[in-house]
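One structure is given here, and the rest of the page talks about it.
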Amino acid sequence: MLPDCLMFTRRNFFAGSASLMAFAGAAPAFGQTNTAPAQPKSVPLPKMAPPYDKATINLIGPRSGYSPHVGTLVTMLTWMELAVLGPTRELKQQDLDYLLDKNANTIGALMLHLTATEVLYQRMTFDNEQFNEYPADYKAKWGAAMDLGDAGRASIKGHDIAFYQDAIREAREKTLAEFAKRDDAWLLTPLKQPGWGGGPINNYCLWFHVCEHISHHAGQIDLLMKRVPGAKPDGTAG
């Protein structure tokens with residue numbers, strides 16, 4: 001079994017291939033002793049929703065407990081969640097709070113922003129809420145994380161990685177529970193209100209936006225992880 005540090009994630013796909021070749025090349029010849037130092041064990045993955053399953057994580061498609069299109073969306077959201085939770089799991093509080101410059105966002109703030117976005121889209125799609133401004137209760141809890149900027153820089157700090165992991169997991173648990181109550185017709189039928197650009201939109205598009213939004217910020221997080229003080233260069237893009 002490969003060590004956790006070689007497990008596939010979005011940011012180490014190509015680097016992992018090189019690591020595997022190096023790992024194979026490091027094997028001692030017959031009759032020789034390998035004196036290379038033992039590699040430190042990687043921090044295990046956090047609790048995820050749904051739980052991480054190496055047998056299914058890379059299989060995009062229908063899932064038991066959901067209608068076919070809804071289940072396919074679940075697998076995409078799960079895959080993207082791992083692209084954030086996997087690479088960040090060893091970060092310390094000072095890494096999560098590191099501010100690259102006065103206009104940047106921290107890694108911790110971006111992780112909480114992903115949660116705030118998922119909660120907002122839950123209210124829009126599951127609760128059928130329509131609003132031109134954030135509801136007061138949402139703004140009080142999630143406004144700084146959703147808008148980031150000065151408010152995010154001022155208030156989102158001082159938390160360990162478990163705080164952000166738990167927030168992401170708890171939001172996703174609600175998303176999955178609500179998806180299980182709905183079918184493909186709900187996902188695919190155009191909504192009454194227009195979407196971006198004024199054309200029709202459906203719940204599939206809204207939740208695919210949540211998925212690609214994770215991908216967008218995962219790339220920012222990758223870059224920021226390479227800029228935190230003491231970060232080791234890994235040669236990958238970003």
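Ordered as shown in the structure tokens, chains take letters A, B, and onward, while each chain numbers its residues from 1 and ligands are numbered from 1 in the order shown.
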Using only C-alpha atoms, which protein or nucleic acid residues come within 8 Å of Thr175 (chain A)? Drop anything in the same chain fewer than 4 positions from it, and give the result as a PDB file with all heavy atoms, in the first residue's frame.
```
ATOM      1  N   GLN A 122     -27.295  26.294  -0.311  1.00  0.00           N
ATOM      2  CA  GLN A 122     -28.292  25.449   0.345  1.00  0.00           C
ATOM      3  C   GLN A 122     -29.580  26.230   0.533  1.00  0.00           C
ATOM      4  O   GLN A 122     -30.686  25.730   0.255  1.00  0.00           O
ATOM      5  CB  GLN A 122     -27.771  24.979   1.706  1.00  0.00           C
ATOM      6  CG  GLN A 122     -26.667  23.950   1.655  1.00  0.00           C
ATOM      7  CD  GLN A 122     -26.047  23.691   3.011  1.00  0.00           C
ATOM      8  OE1 GLN A 122     -26.347  24.397   3.988  1.00  0.00           O
ATOM      9  NE2 GLN A 122     -25.175  22.704   3.103  1.00  0.00           N
ATOM     10  N   ALA A 171     -21.186  21.456   6.692  1.00  0.00           N
ATOM     11  CA  ALA A 171     -21.987  21.993   5.590  1.00  0.00           C
ATOM     12  C   ALA A 171     -22.283  20.905   4.565  1.00  0.00           C
ATOM     13  O   ALA A 171     -23.406  20.778   4.066  1.00  0.00           O
ATOM     14  CB  ALA A 171     -21.265  23.163   4.938  1.00  0.00           C
ATOM     15  N   PHE A 179     -29.785  16.445  -0.692  1.00  0.00           N
ATOM     16  CA  PHE A 179     -29.745  15.806  -2.013  1.00  0.00           C
ATOM     17  C   PHE A 179     -30.487  14.470  -2.008  1.00  0.00           C
ATOM     18  O   PHE A 179     -31.135  14.104  -2.996  1.00  0.00           O
ATOM     19  CB  PHE A 179     -28.299  15.575  -2.446  1.00  0.00           C
ATOM     20  CG  PHE A 179     -27.638  16.761  -3.088  1.00  0.00           C
ATOM     21  CD1 PHE A 179     -26.257  16.861  -3.113  1.00  0.00           C
ATOM     22  CD2 PHE A 179     -28.375  17.777  -3.688  1.00  0.00           C
ATOM     23  CE1 PHE A 179     -25.619  17.938  -3.719  1.00  0.00           C
ATOM     24  CE2 PHE A 179     -27.759  18.858  -4.284  1.00  0.00           C
ATOM     25  CZ  PHE A 179     -26.372  18.942  -4.296  1.00  0.00           C
TER      26      PHE A 179
END
```
Leaving out region 45-60 of chain A and any residue of its chain fewer than 6 positions from it, which residues lie within 6 Å of it when counting only C-alpha atoms, given as a PDB file with N, CA, C and O atoms, in the first residue's frame?
```
ATOM      1  N   THR A  75     -20.521  12.885  -6.425  1.00  0.00           N
ATOM      2  CA  THR A  75     -19.156  12.394  -6.609  1.00  0.00           C
ATOM      3  C   THR A  75     -18.212  13.514  -7.024  1.00  0.00           C
ATOM      4  O   THR A  75     -17.036  13.528  -6.629  1.00  0.00           O
ATOM      5  N   ARG A 169     -17.038  19.987   6.573  1.00  0.00           N
ATOM      6  CA  ARG A 169     -17.736  18.702   6.677  1.00  0.00           C
ATOM      7  C   ARG A 169     -19.186  18.891   7.097  1.00  0.00           C
ATOM      8  O   ARG A 169     -20.089  18.251   6.545  1.00  0.00           O
ATOM      9  N   GLU A 173     -22.417  17.659   5.035  1.00  0.00           N
ATOM     10  CA  GLU A 173     -23.362  16.675   5.566  1.00  0.00           C
ATOM     11  C   GLU A 173     -24.796  17.115   5.318  1.00  0.00           C
ATOM     12  O   GLU A 173     -25.655  16.309   4.950  1.00  0.00           O
TER      13      GLU A 173
END
```
Please, which residues in region 64-175 of chain A fall within 12 Å of region 193-197 of chain A when counting only C-alpha atoms, and what is the closest atom pair and distance in Å to one decimal for each, ordered by chain then residue number, as CSV?
```
residue,atom,partner,partner_atom,distance
A:Met124,CA,A:Gln193,CA,11.4
A:Thr125,CA,A:Gln193,CA,11.8
A:Asn128,CA,A:Gln193,CA,11.0
A:Glu129,CA,A:Gln193,CA,11.5
A:Gln130,CA,A:Gln193,CA,9.2
A:Phe131,CA,A:Gln193,CA,11.5
```
Subject >> Closest of A:Asn132, A:Thr72, A:Thr189, A:Thr106 to Gly158 (chain A) - atom-to-atom distances counting only C-alpha atoms >> reply: A:Thr106
**OP:** Kindly give the distance, in Å, that separates CA of Arg63 (chain A) and CA of Glu178 (chain A), rounded to a single decimal.
**Re:** 14.6 Å
